[in-house]
Every structure is written in structure tokens, then in C-alpha cells.
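**Student:** Provided herewith is a single structure, encoded as C-alpha cells, for subsequent inquiry.
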Amino acid sequence: MKELTEEILEFNKKRGWVRNTDARSLAISISLEASELLEHFQWRTPEEAIANDKQGIEEEAADVLIYLLQLANLLDIDLKEAAKKKIKKNAIKYPLPNK
């Protein structure tokens, strides 16, 4: 992910897109892009959405990831480690049902 993050940062730098890269702006952008992702599923079954516009879904998912990687970089968050910690926390919060 580090290599991808560096590629994104370089891409933005070359285009002068570094002024709106504060934590607030990036968090807003993640939310907006996630909403755009949801639009592909609105009023459709998941199967219809995927069949009709998988490319659009892929692009919006990529936009979410791009902004998330920028936010993680800015805040010095290791997303892989954060995800592992969250999975452990969720395992305690939501234990397996007794059988």
C-alpha cells in the first residue's frame, strides 16, 4: 500500500492538487465518493447493479480507496494494522454464538 500511496501523492503533486488534502477535506471526500458508489446500487438489486455498471462501481470504489490512503498517510495510520486491531475488537464485541 505504501507504493500505491506514494504514486497517488506524486500524481496529485504533479497536478497541484495538494491544497485540499487536510484531514477534514479528505474525510469529506471519502464520504462523497462512498455516496457515489451507493448510487450505482440505488433502485436495483445488487445483481442488476453489477451487471449494468461494474466498471462504474470499480471506479467509485477506487476513488474511496485513493482518498482513504491519503487520509491514512496524513494521519500516519497503518491501515493494515488498524484493520487487524478492529477485527480483534469486533471479535470480542461480537463473539461467535454458542452452539
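Simple scheme: letters A, B, ... for chains in C-alpha cells order, numbers from 1 for residues in each chain, numbers from 1 for ligands in the order shown.
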Can you pull out every residue from chain A that DSSP, working from the backbone, puts in helix (DSSP H, G or I), and format the result as a count of residues only?
**Tutor:** 74
**Student:** I'd like the neighbourhood of region 36-48 of chain A as an NGL selection string, where a residue qualifies if any of its atoms comes within 12 Å (using only C-alpha atoms), though same-chain residues fewer than 6 positions away should be ignored.
**Tutor:** :A and (29-30 or 54-65)
**Student:** Limited to N, CA and C atoms, could you put the picked residues into a file as a PDB file, in the first residue's frame?
**Tutor:**
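After the write, again38.pdb holds the following:
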ATOM      1  N   SER A  29     -14.311  13.908   1.366  1.00  0.00           N
ATOM      2  CA  SER A  29     -14.185  13.292   0.045  1.00  0.00           C
ATOM      3  C   SER A  29     -14.456  11.790   0.096  1.00  0.00           C
ATOM      4  N   ILE A  30     -14.018  11.127   1.154  1.00  0.00           N
ATOM      5  CA  ILE A  30     -14.297   9.699   1.308  1.00  0.00           C
ATOM      6  C   ILE A  30     -15.805   9.478   1.370  1.00  0.00           C
ATOM      7  N   LYS A  54     -20.548  -2.498 -13.624  1.00  0.00           N
ATOM      8  CA  LYS A  54     -19.437  -2.927 -12.780  1.00  0.00           C
ATOM      9  C   LYS A  54     -18.253  -1.961 -12.892  1.00  0.00           C
ATOM     10  N   GLN A  55     -18.011  -1.442 -14.084  1.00  0.00           N
ATOM     11  CA  GLN A  55     -16.906  -0.502 -14.284  1.00  0.00           C
ATOM     12  C   GLN A  55     -17.083   0.750 -13.420  1.00  0.00           C
ATOM     13  N   GLY A  56     -18.286   1.294 -13.392  1.00  0.00           N
ATOM     14  CA  GLY A  56     -18.563   2.470 -12.573  1.00  0.00           C
ATOM     15  C   GLY A  56     -18.400   2.172 -11.089  1.00  0.00           C
ATOM     16  N   ILE A  57     -18.846   1.011 -10.672  1.00  0.00           N
ATOM     17  CA  ILE A  57     -18.690   0.589  -9.274  1.00  0.00           C
ATOM     18  C   ILE A  57     -17.208   0.489  -8.926  1.00  0.00           C
ATOM     19  N   GLU A  58     -16.449  -0.117  -9.818  1.00  0.00           N
ATOM     20  CA  GLU A  58     -14.995  -0.248  -9.618  1.00  0.00           C
ATOM     21  C   GLU A  58     -14.328   1.119  -9.485  1.00  0.00           C
ATOM     22  N   GLU A  59     -14.711   2.045 -10.336  1.00  0.00           N
ATOM     23  CA  GLU A  59     -14.112   3.381 -10.309  1.00  0.00           C
ATOM     24  C   GLU A  59     -14.436   4.123  -9.019  1.00  0.00           C
ATOM     25  N   GLU A  60     -15.672   4.026  -8.556  1.00  0.00           N
ATOM     26  CA  GLU A  60     -16.038   4.699  -7.307  1.00  0.00           C
ATOM     27  C   GLU A  60     -15.351   4.047  -6.111  1.00  0.00           C
ATOM     28  N   ALA A  61     -15.244   2.725  -6.119  1.00  0.00           N
ATOM     29  CA  ALA A  61     -14.524   2.028  -5.042  1.00  0.00           C
ATOM     30  C   ALA A  61     -13.058   2.466  -5.027  1.00  0.00           C
ATOM     31  N   ALA A  62     -12.479   2.631  -6.202  1.00  0.00           N
ATOM     32  CA  ALA A  62     -11.091   3.101  -6.291  1.00  0.00           C
ATOM     33  C   ALA A  62     -10.959   4.517  -5.748  1.00  0.00           C
ATOM     34  N   ASP A  63     -11.932   5.377  -6.043  1.00  0.00           N
ATOM     35  CA  ASP A  63     -11.900   6.744  -5.510  1.00  0.00           C
ATOM     36  C   ASP A  63     -11.923   6.743  -3.984  1.00  0.00           C
ATOM     37  N   VAL A  64     -12.759   5.879  -3.398  1.00  0.00           N
ATOM     38  CA  VAL A  64     -12.817   5.768  -1.937  1.00  0.00           C
ATOM     39  C   VAL A  64     -11.446   5.353  -1.404  1.00  0.00           C
ATOM     40  N   LEU A  65     -10.853   4.357  -2.020  1.00  0.00           N
ATOM     41  CA  LEU A  65      -9.537   3.869  -1.581  1.00  0.00           C
ATOM     42  C   LEU A  65      -8.472   4.952  -1.718  1.00  0.00           C
TER      43      LEU A  65
END
**Student:** Grab the CA of Lys93 (chain A) to CA of Leu68 (chain A) distance for me, in Å with one decimal place.
**Tutor:** 24.9 Å
**Student:** Which residue gives the smallest distance to Phe11 (chain A) among A:Leu96, A:Ala51, A:Ala83, A:Ile66, with only C-alpha atoms counted?
**Tutor:**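 Of all the options, A:Ile66 lies closest to Phe11 (chain A).
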**Student:** I'd like the contact shell of Thr21 (chain A) - 10 Å cut-off, only C-alpha atoms, skipping same-chain residues fewer than 2 positions apart - returned as number ranges by chain.
**Tutor:** A: 12, 17-19, 23-27, 29, 67, 70-71, 74
**Student:** Based on the selection just made, write all heavy atoms of those residues as a compact mmCIF listing (two decimals), in the first residue's frame.
**Tutor:**
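Contents of again_9.txt, as written:
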# COMPACT_ATOMS: atom_id res chain seq x y z
N ASN A 12 -0.96 13.67 -7.47
CA ASN A 12 -1.58 14.90 -7.00
C ASN A 12 -0.60 16.08 -7.03
O ASN A 12 -0.97 17.19 -7.42
CB ASN A 12 -2.12 14.73 -5.59
CG ASN A 12 -3.33 13.81 -5.56
OD1 ASN A 12 -3.92 13.48 -6.57
ND2 ASN A 12 -3.68 13.36 -4.37
N TRP A 17 -2.60 19.48 -6.87
CA TRP A 17 -3.81 19.15 -6.10
C TRP A 17 -3.48 18.89 -4.63
O TRP A 17 -4.02 17.98 -4.03
CB TRP A 17 -4.48 17.90 -6.66
CG TRP A 17 -5.02 18.04 -8.05
CD1 TRP A 17 -5.12 19.17 -8.80
CD2 TRP A 17 -5.55 16.98 -8.84
NE1 TRP A 17 -5.67 18.88 -10.02
CE2 TRP A 17 -5.95 17.54 -10.07
CE3 TRP A 17 -5.72 15.62 -8.64
CZ2 TRP A 17 -6.51 16.79 -11.09
CZ3 TRP A 17 -6.28 14.86 -9.65
CH2 TRP A 17 -6.67 15.45 -10.86
N VAL A 18 -2.66 19.70 -4.04
CA VAL A 18 -2.25 19.44 -2.66
C VAL A 18 -2.89 20.40 -1.65
O VAL A 18 -2.76 20.21 -0.46
CB VAL A 18 -0.71 19.47 -2.51
CG1 VAL A 18 -0.09 18.31 -3.26
CG2 VAL A 18 -0.14 20.79 -2.99
N ARG A 19 -3.62 21.39 -2.12
CA ARG A 19 -4.16 22.38 -1.18
C ARG A 19 -5.33 21.87 -0.36
O ARG A 19 -5.56 22.34 0.73
CB ARG A 19 -4.51 23.67 -1.89
CG ARG A 19 -5.67 23.56 -2.84
CD ARG A 19 -6.04 24.95 -3.38
NE ARG A 19 -7.16 24.80 -4.29
CZ ARG A 19 -7.07 24.85 -5.59
NH1 ARG A 19 -5.91 25.08 -6.16
NH2 ARG A 19 -8.13 24.68 -6.35
N ALA A 23 -7.13 16.73 6.79
CA ALA A 23 -7.92 15.58 7.26
C ALA A 23 -9.42 15.78 7.02
O ALA A 23 -10.11 14.86 6.59
CB ALA A 23 -7.64 15.32 8.74
N ARG A 24 -9.92 16.97 7.29
CA ARG A 24 -11.34 17.24 7.12
C ARG A 24 -11.76 17.08 5.66
O ARG A 24 -12.75 16.43 5.34
CB ARG A 24 -11.68 18.64 7.61
CG ARG A 24 -13.13 19.03 7.45
CD ARG A 24 -13.36 20.47 7.94
NE ARG A 24 -14.74 20.87 7.73
CZ ARG A 24 -15.19 21.42 6.61
NH1 ARG A 24 -14.38 21.64 5.60
NH2 ARG A 24 -16.46 21.76 6.51
N SER A 25 -11.01 17.69 4.75
CA SER A 25 -11.33 17.61 3.33
C SER A 25 -11.28 16.18 2.82
O SER A 25 -12.13 15.75 2.02
CB SER A 25 -10.38 18.48 2.51
OG SER A 25 -10.56 19.84 2.84
N LEU A 26 -10.28 15.43 3.26
CA LEU A 26 -10.17 14.04 2.83
C LEU A 26 -11.30 13.18 3.38
O LEU A 26 -11.86 12.34 2.66
CB LEU A 26 -8.81 13.46 3.23
CG LEU A 26 -7.61 14.08 2.49
CD1 LEU A 26 -6.30 13.65 3.14
CD2 LEU A 26 -7.64 13.71 1.01
N ALA A 27 -11.68 13.41 4.64
CA ALA A 27 -12.80 12.66 5.22
C ALA A 27 -14.10 12.96 4.47
O ALA A 27 -14.89 12.05 4.19
CB ALA A 27 -12.94 12.98 6.71
N SER A 29 -14.31 13.91 1.37
CA SER A 29 -14.18 13.29 0.05
C SER A 29 -14.46 11.79 0.10
O SER A 29 -15.08 11.24 -0.82
CB SER A 29 -12.79 13.57 -0.53
OG SER A 29 -12.64 14.95 -0.77
N TYR A 67 -8.75 8.23 -1.63
CA TYR A 67 -8.87 9.23 -0.57
C TYR A 67 -8.53 8.64 0.80
O TYR A 67 -7.92 9.32 1.64
CB TYR A 67 -10.27 9.85 -0.55
CG TYR A 67 -10.48 10.88 -1.62
CD1 TYR A 67 -11.43 10.70 -2.62
CD2 TYR A 67 -9.74 12.06 -1.64
CE1 TYR A 67 -11.63 11.66 -3.61
CE2 TYR A 67 -9.92 13.02 -2.62
CZ TYR A 67 -10.87 12.81 -3.60
OH TYR A 67 -11.06 13.77 -4.58
N GLN A 70 -4.82 8.50 1.24
CA GLN A 70 -4.28 9.84 1.50
C GLN A 70 -4.51 10.25 2.96
O GLN A 70 -3.62 10.80 3.60
CB GLN A 70 -4.92 10.87 0.58
CG GLN A 70 -4.49 10.74 -0.86
CD GLN A 70 -5.21 11.73 -1.73
OE1 GLN A 70 -4.81 12.91 -1.79
NE2 GLN A 70 -6.25 11.31 -2.41
N LEU A 71 -5.71 9.96 3.47
CA LEU A 71 -6.02 10.29 4.87
C LEU A 71 -5.13 9.49 5.81
O LEU A 71 -4.56 10.05 6.77
CB LEU A 71 -7.49 10.02 5.16
CG LEU A 71 -7.95 10.34 6.58
CD1 LEU A 71 -7.82 11.83 6.88
CD2 LEU A 71 -9.39 9.87 6.79
N LEU A 74 -1.66 10.97 5.80
CA LEU A 74 -1.62 12.25 6.51
C LEU A 74 -1.61 12.04 8.02
O LEU A 74 -0.89 12.72 8.75
CB LEU A 74 -2.82 13.10 6.11
CG LEU A 74 -2.94 14.47 6.76
CD1 LEU A 74 -1.82 15.38 6.27
CD2 LEU A 74 -4.30 15.06 6.48
**Student:** Check the smallest atom-to-atom distance from each of A:Ile87, A:Ile28, A:Leu69, A:Ala49 to Ile8 (chain A) using only C-alpha atoms, then report the winner.
**Tutor:**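 When distances to Ile8 (chain A) are compared using only C-alpha atoms, the smallest one comes from A:Leu69.
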**Student:** Between CA of Leu79 (chain A) and CA of Glu10 (chain A), what is the distance, to one decimal in Å?
**Tutor:**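 Computing the Euclidean distance for CA of Leu79 (chain A) and CA of Glu10 (chain A) yields 19.8 Å.
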**Student:** Can you measure CA of Asn73 (chain A) to CA of Lys89 (chain A) for me? One decimal in Å is fine.
**Tutor:**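 Separating CA of Asn73 (chain A) from CA of Lys89 (chain A) is a distance of 22.8 Å.
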